[in-house]
$ cat coords-v6.txt   # compact mmCIF, C-alpha atoms
# COMPACT_ATOMS: atom_id res chain seq x y z
CA MET A 29 83.20 162.25 71.03
CA LYS A 30 85.32 162.50 67.92
CA PRO A 31 84.20 160.08 65.26
CA GLU A 32 86.86 157.62 64.33
CA ASN A 33 86.94 154.74 61.90
CA GLU A 34 85.67 151.52 63.40
CA GLN A 35 88.56 149.30 64.26
CA ARG A 36 88.78 145.85 65.64
CA ASP A 37 91.79 146.25 67.86
CA GLY A 38 91.30 146.39 71.60
CA ILE A 39 92.31 149.97 72.32
CA SER A 40 89.85 151.92 70.21
CA ARG A 41 86.98 149.60 71.18
CA ARG A 42 87.82 150.38 74.77
CA HIS A 43 87.53 154.08 73.95
CA ALA A 44 84.17 153.39 72.30
CA LEU A 45 83.01 151.51 75.38
CA GLU A 46 84.03 154.41 77.61
CA CYS A 47 82.06 156.81 75.44
CA MET A 48 79.03 154.54 75.58
CA ILE A 49 79.27 154.56 79.37
CA TRP A 50 78.72 158.31 79.44
CA ALA A 51 75.98 158.15 76.82
CA GLY A 52 74.10 156.22 79.43
CA THR A 53 70.71 155.24 78.22
CA GLY A 54 71.15 152.07 76.23
CA VAL A 55 71.90 153.38 72.81
CA LEU A 56 74.43 151.38 70.89
CA TRP A 57 76.76 153.52 68.85
CA THR A 58 78.72 152.08 66.04
CA VAL A 59 81.07 154.08 63.97
CA SER A 60 81.61 153.30 60.36
CA GLY A 61 82.87 155.48 57.55
CA GLY A 62 83.57 158.26 60.04
CA LEU A 63 79.92 158.88 60.94
CA PRO A 64 78.34 157.63 64.16
CA ARG A 65 75.07 155.72 63.84
CA SER A 66 72.78 154.94 66.73
CA LEU A 67 70.92 151.66 66.85
CA SER A 68 68.44 150.34 69.34
CA LEU A 69 69.43 147.74 71.85
CA LEU A 70 70.34 144.41 70.31
CA ASP A 71 69.19 145.56 66.90
CA SER A 72 72.60 145.98 65.33
CA ALA A 73 74.68 144.07 62.88
CA GLU A 74 77.13 143.49 65.69
CA ALA A 75 74.50 141.96 67.93
CA ALA A 76 73.26 139.80 65.06
CA GLU A 77 76.78 138.61 64.40
CA ALA A 78 77.24 137.83 68.08
CA ALA A 79 73.99 135.90 68.23
CA ALA A 80 74.85 133.95 65.09
CA SER A 81 78.47 133.02 65.68
CA GLY A 82 79.37 134.17 69.16
CA LEU A 83 77.35 134.81 72.24
CA LEU A 84 74.60 137.13 73.37
CA PHE A 85 73.57 137.15 77.01
CA LEU A 86 71.95 139.46 79.54
CA GLN A 87 72.88 140.65 82.98
CA ILE A 88 69.97 141.27 85.34
CA SER A 89 70.57 142.35 88.93
CA ASP A 90 69.10 143.37 92.27
CA SER A 91 65.46 142.45 91.67
CA HIS A 92 64.82 142.54 95.47
CA VAL A 93 61.54 140.63 95.19
CA GLY A 94 59.61 141.47 98.36
CA PHE A 95 60.73 145.11 98.58
CA ASP A 96 57.68 147.33 99.04
CA LYS A 97 58.85 150.62 100.52
CA GLU A 98 58.56 154.15 99.22
CA ALA A 99 61.44 153.96 96.73
CA ASN A 100 59.36 151.47 94.73
CA VAL A 101 56.26 149.99 96.34
CA THR A 102 55.87 147.70 93.35
CA ALA A 103 59.34 146.21 92.86
CA VAL A 104 57.71 143.04 91.54
CA ASP A 105 55.97 145.08 88.83
CA THR A 106 59.20 146.64 87.58
CA LEU A 107 60.74 143.17 87.48
CA HIS A 108 57.78 142.06 85.36
CA GLU A 109 58.44 145.02 83.04
CA ALA A 110 62.11 144.12 82.74
CA ILE A 111 61.27 140.52 81.92
CA GLY A 112 58.68 141.77 79.44
CA LYS A 113 61.47 143.62 77.64
CA VAL A 114 63.55 140.43 77.56
CA LYS A 115 60.66 138.50 76.04
CA ALA A 116 60.22 141.20 73.39
CA LEU A 117 63.85 141.19 72.23
CA PRO A 118 64.21 140.58 68.49
CA LEU A 119 67.35 138.50 69.10
CA LYS A 120 66.99 135.86 71.78
CA PRO A 121 69.88 135.85 74.29
CA SER A 122 71.50 132.51 75.03
CA PHE A 123 71.04 132.96 78.79
CA MET A 124 70.86 135.50 81.60
CA ILE A 125 73.19 136.08 84.50
CA HIS A 126 71.59 137.37 87.72
CA THR A 127 74.20 139.11 89.85
CA GLY A 128 72.29 138.72 93.09
CA ASP A 129 69.83 140.26 95.56
CA ILE A 130 67.22 138.19 93.79
CA THR A 131 64.99 138.55 96.87
CA HIS A 132 64.81 141.19 99.55
CA LEU A 133 64.62 138.93 102.63
CA SER A 134 65.52 135.39 101.47
CA LYS A 135 61.94 134.28 102.14
CA PRO A 136 60.59 131.17 100.36
CA ASP A 137 57.69 133.03 98.73
CA GLN A 138 60.09 135.71 97.47
CA PHE A 139 62.37 133.10 95.90
CA ASP A 140 59.25 131.43 94.43
CA ASP A 141 57.97 134.68 92.90
CA ALA A 142 61.39 135.62 91.51
CA ASP A 143 61.84 132.19 89.97
CA GLN A 144 58.40 132.29 88.42
CA ILE A 145 58.75 135.79 86.95
CA ILE A 146 62.34 135.46 85.72
CA GLY A 147 61.68 131.92 84.53
CA GLY A 148 58.99 133.37 82.30
CA THR A 149 61.62 134.22 79.68
CA GLY A 150 62.15 130.54 79.01
CA ILE A 151 65.91 130.99 78.81
CA ASP A 152 68.51 129.67 81.24
CA VAL A 153 69.48 131.87 84.17
CA HIS A 154 72.75 131.60 86.10
CA TYR A 155 72.49 133.05 89.60
CA VAL A 156 74.89 134.22 92.29
CA PRO A 157 73.52 135.39 95.64
CA GLY A 158 73.49 138.90 97.04
CA GLU A 159 73.63 139.63 100.76
CA HIS A 160 69.82 139.87 100.74
CA ASP A 161 69.66 136.25 99.55
CA VAL A 162 71.55 134.77 102.51
CA VAL A 163 69.68 136.21 105.53
CA ASP A 164 67.56 133.12 106.11
CA ALA A 165 67.97 131.12 109.33
CA GLY A 166 70.22 128.72 107.41
CA GLN A 167 72.48 131.65 106.42
CA GLY A 168 72.49 130.85 102.74
CA LYS A 169 70.87 127.42 102.69
CA ALA A 170 67.69 128.81 101.10
CA PHE A 171 69.67 130.09 98.10
CA LEU A 172 71.75 126.92 97.79
CA ASP A 173 68.69 124.69 97.96
CA ARG A 174 67.31 126.51 94.96
CA TYR A 175 70.33 127.47 92.88
CA GLY A 176 73.30 125.66 94.41
CA LYS A 177 73.21 122.43 92.44
CA GLN A 178 76.53 121.89 90.69
CA SER A 179 78.15 124.64 92.71
CA TRP A 180 80.80 124.63 95.40
CA GLY A 181 80.90 126.01 98.92
CA GLN A 182 78.43 128.87 99.25
CA GLY A 183 77.48 128.69 95.59
CA TRP A 184 80.46 129.39 93.33
CA TYR A 185 80.85 127.61 89.98
CA SER A 186 81.99 127.95 86.38
CA PHE A 187 80.72 126.97 82.95
CA ASP A 188 81.70 127.38 79.32
CA GLN A 189 79.73 128.58 76.35
CA ALA A 190 80.83 129.54 72.85
CA GLY A 191 84.46 129.31 73.94
CA VAL A 192 83.94 131.84 76.76
CA HIS A 193 84.64 130.72 80.33
CA PHE A 194 82.11 132.03 82.89
CA ILE A 195 82.84 132.11 86.62
CA GLY A 196 80.21 132.85 89.26
CA LEU A 197 81.69 133.96 92.58
CA VAL A 198 80.07 134.50 95.99
CA ASN A 199 81.35 137.44 98.03
CA VAL A 200 78.42 138.12 100.38
CA VAL A 201 78.90 135.45 103.06
CA ASP A 202 80.77 135.76 106.41
CA LEU A 203 81.20 139.49 106.03
CA GLN A 204 83.42 140.78 108.80
CA ALA A 205 82.84 143.88 110.91
CA GLY A 206 83.94 147.10 109.30
CA GLY A 207 84.69 145.29 106.08
CA LEU A 208 83.84 144.88 102.44
CA GLY A 209 82.74 141.87 100.45
CA ASN A 210 84.64 138.66 101.04
CA LEU A 211 85.64 135.75 98.78
CA GLY A 212 87.51 133.64 101.34
CA ALA A 213 90.46 131.29 101.08
CA GLU A 214 88.48 128.22 100.00
CA GLN A 215 86.89 130.02 97.05
CA LEU A 216 90.18 131.61 95.99
CA ALA A 217 91.86 128.20 96.05
CA TRP A 218 89.03 126.84 93.89
CA LEU A 219 89.41 129.79 91.49
CA GLN A 220 93.12 129.14 91.11
CA LYS A 221 92.42 125.52 90.28
CA ASP A 222 89.58 126.44 87.92
CA LEU A 223 91.74 128.84 85.91
CA GLY A 224 94.84 126.68 85.95
CA GLY A 225 95.90 125.43 82.54
CA ARG A 226 93.39 127.47 80.56
CA PRO A 227 94.90 129.25 77.57
CA SER A 228 95.31 132.98 78.17
CA SER A 229 93.38 133.60 74.96
CA THR A 230 90.21 132.23 76.57
CA PRO A 231 87.76 135.09 77.11
CA ILE A 232 86.71 135.11 80.76
CA VAL A 233 83.53 136.53 82.28
CA VAL A 234 83.44 136.74 86.08
CA PHE A 235 80.20 137.60 87.84
CA ALA A 236 79.64 138.30 91.54
CA HIS A 237 77.27 140.49 93.54
CA ILE A 238 79.48 143.02 95.32
CA PRO A 239 81.90 144.90 93.06
CA LEU A 240 85.25 143.18 92.74
CA TRP A 241 87.06 146.49 92.70
CA THR A 242 86.95 149.21 95.32
CA ILE A 243 84.38 151.83 94.43
CA TYR A 244 83.44 153.31 97.83
CA PRO A 245 84.71 151.42 100.88
CA GLN A 246 82.79 153.63 103.34
CA TRP A 247 79.65 151.92 102.07
CA GLY A 248 81.18 148.48 101.66
CA TRP A 249 81.34 148.86 97.86
CA GLY A 250 84.34 146.64 97.25
CA THR A 251 85.70 143.18 98.06
CA ALA A 252 88.44 142.85 100.66
CA ASP A 253 90.33 139.97 99.04
CA SER A 254 89.52 140.54 95.36
CA ALA A 255 93.12 141.51 94.60
CA GLN A 256 94.06 137.84 94.81
CA ALA A 257 91.31 136.92 92.37
CA LEU A 258 92.25 139.69 89.95
CA ALA A 259 95.90 138.62 90.08
CA LEU A 260 94.84 135.13 88.91
CA LEU A 261 92.85 136.70 86.06
CA LYS A 262 95.49 139.18 84.94
CA ARG A 263 97.19 136.87 82.43
CA PHE A 264 94.06 136.44 80.31
CA GLY A 265 93.64 138.55 77.19
CA SER A 266 89.99 139.40 77.80
CA VAL A 267 88.36 139.58 81.21
CA THR A 268 84.90 141.02 81.80
CA VAL A 269 83.76 141.47 85.40
CA LEU A 270 80.02 141.89 85.95
CA ASN A 271 78.73 142.99 89.35
CA GLY A 272 75.60 144.43 90.95
CA HIS A 273 74.89 145.59 94.52
CA ILE A 274 75.18 149.34 93.99
CA HIS A 275 72.07 149.78 91.79
CA GLN A 276 73.80 152.07 89.29
CA ILE A 277 76.27 151.80 86.48
CA ILE A 278 79.90 152.34 87.29
CA GLN A 279 82.54 151.02 84.93
CA LYS A 280 86.27 150.81 84.68
CA VAL A 281 88.70 149.50 82.11
CA GLU A 282 92.13 148.47 83.32
CA GLY A 283 94.50 146.64 81.01
CA ASN A 284 92.61 143.67 79.63
CA MET A 285 89.91 143.86 82.29
CA THR A 286 86.56 145.59 81.91
CA PHE A 287 84.50 146.08 85.09
CA HIS A 288 80.78 146.86 84.97
CA THR A 289 78.06 147.20 87.61
CA ALA A 290 74.44 146.98 86.52
CA ARG A 291 71.30 148.90 87.43
CA SER A 292 68.69 147.27 89.63
CA THR A 293 65.21 146.37 88.44
CA ALA A 294 63.83 147.39 91.88
CA PHE A 295 65.11 150.77 93.13
CA PRO A 296 68.01 153.18 92.61
CA GLN A 297 70.68 154.02 95.18
CA PRO A 298 72.65 157.23 95.62
CA ALA A 299 75.96 157.88 93.90
CA PRO A 300 78.98 157.27 96.15
CA GLY A 301 78.97 159.77 99.00
CA ALA A 302 75.97 161.69 97.62
CA ALA A 303 73.79 160.72 100.59
CA PRO A 304 74.38 159.83 104.26
CA ALA A 305 73.82 156.12 103.55
CA PRO A 306 73.51 153.73 100.57
CA GLY A 307 69.83 152.93 101.13
CA PRO A 308 66.95 152.93 98.63
CA MET A 309 66.78 156.33 96.94
CA ILE A 310 63.38 157.93 96.51
CA VAL A 311 63.00 159.73 93.18
CA PRO A 312 59.99 161.33 91.46
CA ALA A 313 57.74 158.63 89.99
CA GLU A 314 58.36 159.74 86.41
CA GLN A 315 62.12 159.30 86.86
CA LEU A 316 62.09 155.85 88.46
CA ARG A 317 62.03 153.68 85.35
CA GLY A 318 64.85 155.67 83.79
CA MET A 319 67.05 154.52 86.67
CA LEU A 320 66.17 150.82 86.51
CA GLY A 321 67.20 148.43 83.77
CA LEU A 322 69.07 145.52 82.22
CA THR A 323 72.38 144.92 80.50
CA SER A 324 73.14 143.02 77.34
CA VAL A 325 76.56 141.61 76.61
CA SER A 326 77.66 140.39 73.21
CA TYR A 327 80.74 138.47 72.24
CA VAL A 328 81.85 138.06 68.68
CA VAL A 329 84.27 135.21 68.11
CA GLY A 330 87.75 136.54 67.54
CA GLN A 331 87.18 139.95 69.12
CA THR A 332 88.92 140.68 72.38
CA ASP A 333 86.38 142.84 74.12
CA LEU A 334 82.78 142.03 74.85
CA ALA A 335 80.30 144.79 74.11
CA ILE A 336 78.30 145.80 77.18
CA ILE A 337 75.11 147.76 76.59
CA ASP A 338 72.85 149.01 79.36
CA SER A 339 69.21 149.82 78.81
CA THR A 340 66.58 151.32 81.08
CA LEU A 341 62.96 150.37 81.63
CA ALA A 342 61.82 153.72 80.17
CA MET B 14 46.18 114.02 178.27
CA PRO B 15 49.09 115.01 176.12
CA ALA B 16 49.74 118.69 176.07
CA PHE B 17 49.62 120.38 172.73
CA ALA B 18 53.15 120.74 171.51
CA ARG B 19 53.69 124.27 170.56
CA ARG B 20 54.22 124.49 166.84
CA PRO B 21 57.64 125.81 166.47
CA LEU B 22 58.29 128.75 164.20
CA LEU B 23 60.28 127.82 161.13
CA PRO B 24 63.81 127.29 162.26
CA ALA B 25 65.98 130.31 161.65
CA PHE B 26 68.31 128.49 159.23
CA ALA B 27 65.34 127.47 157.06
CA LEU B 28 64.20 131.06 156.91
CA ALA B 29 67.68 132.16 155.89
CA GLY B 30 67.73 129.45 153.20
CA ILE B 31 64.44 130.64 151.73
CA ALA B 32 65.64 134.22 151.65
CA LEU B 33 68.80 133.15 149.83
CA LEU B 34 66.79 131.21 147.23
CA LEU B 35 64.61 134.23 146.62
CA ALA B 36 67.66 136.42 146.17
CA ILE B 37 69.24 134.07 143.58
CA SER B 38 66.12 133.43 141.52
CA ALA B 39 64.97 137.04 141.35
CA PRO B 40 67.96 139.30 140.82
CA ALA B 41 67.36 142.99 141.17
CA SER B 42 65.37 143.56 137.90
CA ALA B 43 67.06 142.36 134.67
CA LYS B 44 66.69 145.28 132.31
CA ASP B 45 65.67 145.62 128.71
CA TRP B 46 67.62 147.88 126.42
CA THR B 47 66.83 149.04 122.89
CA VAL B 48 69.23 149.69 120.03
CA THR B 49 67.67 151.34 117.00
CA ILE B 50 68.99 150.83 113.50
CA SER B 51 68.59 154.04 111.56
CA ASN B 52 70.33 155.49 108.50
CA PHE B 53 72.65 152.50 108.34
CA ALA B 54 73.89 152.98 111.93
CA PHE B 55 73.28 151.39 115.32
CA ALA B 56 72.07 153.92 117.92
CA PRO B 57 73.53 153.95 120.49
CA ALA B 58 76.75 152.54 119.10
CA GLU B 59 77.72 151.30 122.57
CA THR B 60 75.27 149.84 125.05
CA ASP B 61 76.39 149.21 128.65
CA VAL B 62 74.35 146.53 130.36
CA ALA B 63 74.40 144.30 133.45
CA ALA B 64 74.78 140.54 133.20
CA GLY B 65 71.34 139.04 132.58
CA ASP B 66 69.99 142.09 130.71
CA THR B 67 68.37 141.85 127.30
CA VAL B 68 69.07 144.07 124.29
CA THR B 69 66.40 144.42 121.61
CA PHE B 70 67.42 145.67 118.18
CA VAL B 71 64.74 147.46 116.13
CA ASN B 72 65.14 148.24 112.45
CA GLY B 73 63.97 151.75 111.63
CA ASP B 74 65.35 151.85 108.07
CA ASP B 75 63.41 151.22 104.87
CA THR B 76 65.72 148.41 103.89
CA ILE B 77 66.76 145.32 105.79
CA HIS B 78 69.61 144.81 108.23
CA SER B 79 70.79 142.03 110.52
CA VAL B 80 72.75 141.86 113.76
CA VAL B 81 75.74 139.53 113.92
CA ALA B 82 78.16 139.17 116.84
CA ASP B 83 81.79 139.55 115.76
CA ASP B 84 82.60 136.40 117.74
CA GLY B 85 79.63 134.51 116.26
CA SER B 86 77.79 134.25 119.58
CA PHE B 87 74.56 135.62 118.13
CA HIS B 88 73.18 136.05 114.63
CA SER B 89 69.78 137.44 113.73
CA ASP B 90 67.80 136.70 110.59
CA GLY B 91 67.22 139.53 108.14
CA LEU B 92 65.16 142.25 109.84
CA ASP B 93 62.67 144.17 107.73
CA THR B 94 61.43 147.65 108.67
CA SER B 95 60.03 147.53 112.26
CA ASP B 96 61.28 143.96 112.83
CA LYS B 97 63.08 143.23 116.11
CA ALA B 98 65.67 140.79 117.40
CA ALA B 99 66.41 140.36 121.12
CA PHE B 100 69.45 138.83 122.77
CA THR B 101 70.21 138.23 126.45
CA PHE B 102 73.72 138.59 127.85
CA PRO B 103 74.37 136.39 130.88
CA LYS B 104 78.15 136.87 131.15
CA ALA B 105 80.39 139.89 131.65
CA GLY B 106 82.49 140.96 128.71
CA THR B 107 82.51 143.14 125.59
CA ILE B 108 80.82 141.87 122.44
CA GLY B 109 81.29 143.72 119.18
CA TYR B 110 78.66 143.25 116.50
CA HIS B 111 77.97 144.35 112.93
CA CYS B 112 75.25 144.25 110.32
CA GLY B 113 75.56 141.04 108.30
CA LEU B 114 74.53 142.79 105.08
CA HIS B 115 76.38 146.07 105.59
CA PRO B 116 79.37 145.21 107.77
CA PHE B 117 80.61 148.78 107.85
CA MET B 118 77.80 149.24 110.42
CA THR B 119 79.24 148.30 113.81
CA GLY B 120 78.42 148.55 117.50
CA LYS B 121 79.26 146.95 120.83
CA ILE B 122 77.68 145.74 124.02
CA VAL B 123 79.61 146.03 127.27
CA VAL B 124 78.31 143.60 129.87
CA LYS B 125 79.30 144.26 133.48
$ encode --input "coords-v6.txt" --output "structure tokens"
Amino acid sequence: MKPENEQRDGISRRHALECMIWAGTGVLWTVSGGLPRSLSLLDSAEAAEAAASGLLFLQISDSHVGFDKEANVTAVDTLHEAIGKVKALPLKPSFMIHTGDITHLSKPDQFDDADQIIGGTGIDVHYVPGEHDVVDAGQGKAFLDRYGKQSWGQGWYSFDQAGVHFIGLVNVVDLQAGGLGNLGAEQLAWLQKDLGGRPSSTPIVVFAHIPLWTIYPQWGWGTADSAQALALLKRFGSVTVLNGHIHQIIQKVEGNMTFHTARSTAFPQPAPGAAPAPGPMIVPAEQLRGMLGLTSVSYVVGQTDLAIIDSTLA
Amino acid sequence: MPAFARRPLLPAFALAGIALLLAISAPASAKDWTVTISNFAFAPAETDVAAGDTVTFVNGDDTIHSVVADDGSFHSDGLDTSDKAAFTFPKAGTIGYHCGLHPFMTGKIVVK
């Protein structure tokens, strides 16, 4: 990566983000005076500035509390480790976003355990369900009973913080045969209303479980009707889309939109097409924690792009 | 002295009625079929059954799946490894189904 002077305009920051994607392991690079410097997660001037005058939050995803098979017989333990890292952060995030698959089987004790462990950070958490969170007999009632207050339909909602508008979407309900994720007409109508009238300069963060762009349709890694949602978001100057579901980092920048999927805290999954099926991937024990992790997102008031930094458990 | 009336055998029509009842209430063996879920696929993908048969789905994967009829006529909970869900099909017809978590997994039951 050629060093270049740090700039504040959108295009070169996008290049920097793309380079950070390939660097992979949670090192934040800043470039100043032509020389790259590496800084540990959330220990940078940028992060401090975000925490002071903007916004610092975390994305956690796919904790799958209750999973106990070979890929990670102690998924609860790795969740504990991830939360331990959150508690040890020098700069306290304002809140966390959980992009779903909180539990593995939507069972009450799994929701209880997840809530207790994740709640141990003492900071607010905003949840959206994954498909593993809506397999109870009530087909989603268990999730809504716990996390659906002040939400609509199957659990979608929005909130504002530090001038950023956050939108939690649900695309894991009523999935049709042969298909991808699904938002549905009612949710799209709500989204249109929710965005209507907001200035295009408002930074938007959208979070949902299944990727809102098509990564690998053969494995259901995409959302059938997301194009309508993305069309509604297109006019905004800064849109960040945070997803989970695939248990690995895949990112894309398109126009003013940055798309990011997070690692799981429970188990890795194969790269698209690299295995016969997208199930839990068994890796040597010493490699596991390098494939699990968290994401921090920082927003500095006045900057267009949010900085997304992924870190692993080891 | 009255003569003993000979006890008549059951009238023929009563016998026929009993036979008919037996035939209706015990159809020639309703069968049980098994569909295994393995490597994110239903095996076999198509199951041909007779009306009244039962199909039991067994999850052989190390993650969870569910079984959902395309027309909504049946819907299992999440099935962990080794969990089962059984459904009986009383009427003729073809019912497509898919996994509720991974809807690219599909299968069908043809009831004759």
$ closest_residue --input "coords-v6.txt" --among "B:Lys44, B:Asp84, B:Val124, B:Val71" --to "Lys104 of chain B" --atoms "only C-alpha atoms"
B:Val124
$ interface_residues --input "coords-v6.txt" --of "chain A" --to "chain B" --cutoff "12 Å" --atoms "all atoms listed in the file" --output "PyMOL selection string"
chain A and resi 92+94-101+129+131-135+158-168+199-210+238+244-252+273+295+297+303-310
$ residues_around --input "coords-v6.txt" --residues "Ala217 of chain A" --least-positions-apart "4" --cutoff "12 Å" --atoms "only C-alpha atoms" --output "PyMOL selection string"
chain A and resi 180-181+184+211-213+221-224+256-257+260
$ closest_residue --input "coords-v6.txt" --among "A:Ile111, A:Leu84, A:Ile243, A:Ala236" --to "Ile336 of chain A" --atoms "only C-alpha atoms"
A:Leu84
$ atom_distance --input "coords-v6.txt" --atom1 "atom CA of Pro231 of chain A" --atom2 "atom CA of Ile146 of chain A"
26.8 Å
$ residues_around --input "coords-v6.txt" --residues "Gly65 of chain B" --least-positions-apart "2" --cutoff "8 Å" --atoms "all atoms listed in the file" --output "MDAnalysis selection string"
chainID B and resid 43:44 63 67 101:104
$ closest_residue --input "coords-v6.txt" --among "A:Val114, A:Arg174, A:Asn284, A:Pro121" --to "Thr149 of chain A" --atoms "only C-alpha atoms"
A:Val114
$ atom_distance --input "coords-v6.txt" --atom1 "atom CA of Val329 of chain A" --atom2 "atom CA of Ala78 of chain A"
7.5 Å
$ atom_distance --input "coords-v6.txt" --atom1 "atom CA of Lys97 of chain B" --atom2 "atom CA of Val68 of chain B"
10.2 Å
$ closest_residue --input "coords-v6.txt" --among "B:Gly73, B:Ile50, B:Asp45, B:Glu59" --to "Ala99 of chain B" --atoms "only C-alpha atoms"
B:Asp45
$ residues_around --input "coords-v6.txt" --residues "Leu258 of chain A" --least-positions-apart "4" --cutoff "10 Å" --atoms "only C-alpha atoms" --output "number ranges by chain"
A: 240-241, 253-254, 262-263, 267, 269, 285
$ residues_near_point --input "coords-v6.txt" --point "(63.1, 159.1, 83.4)" --cutoff "6 Å" --atoms "all atoms listed in the file" --output "count of residues only"
4
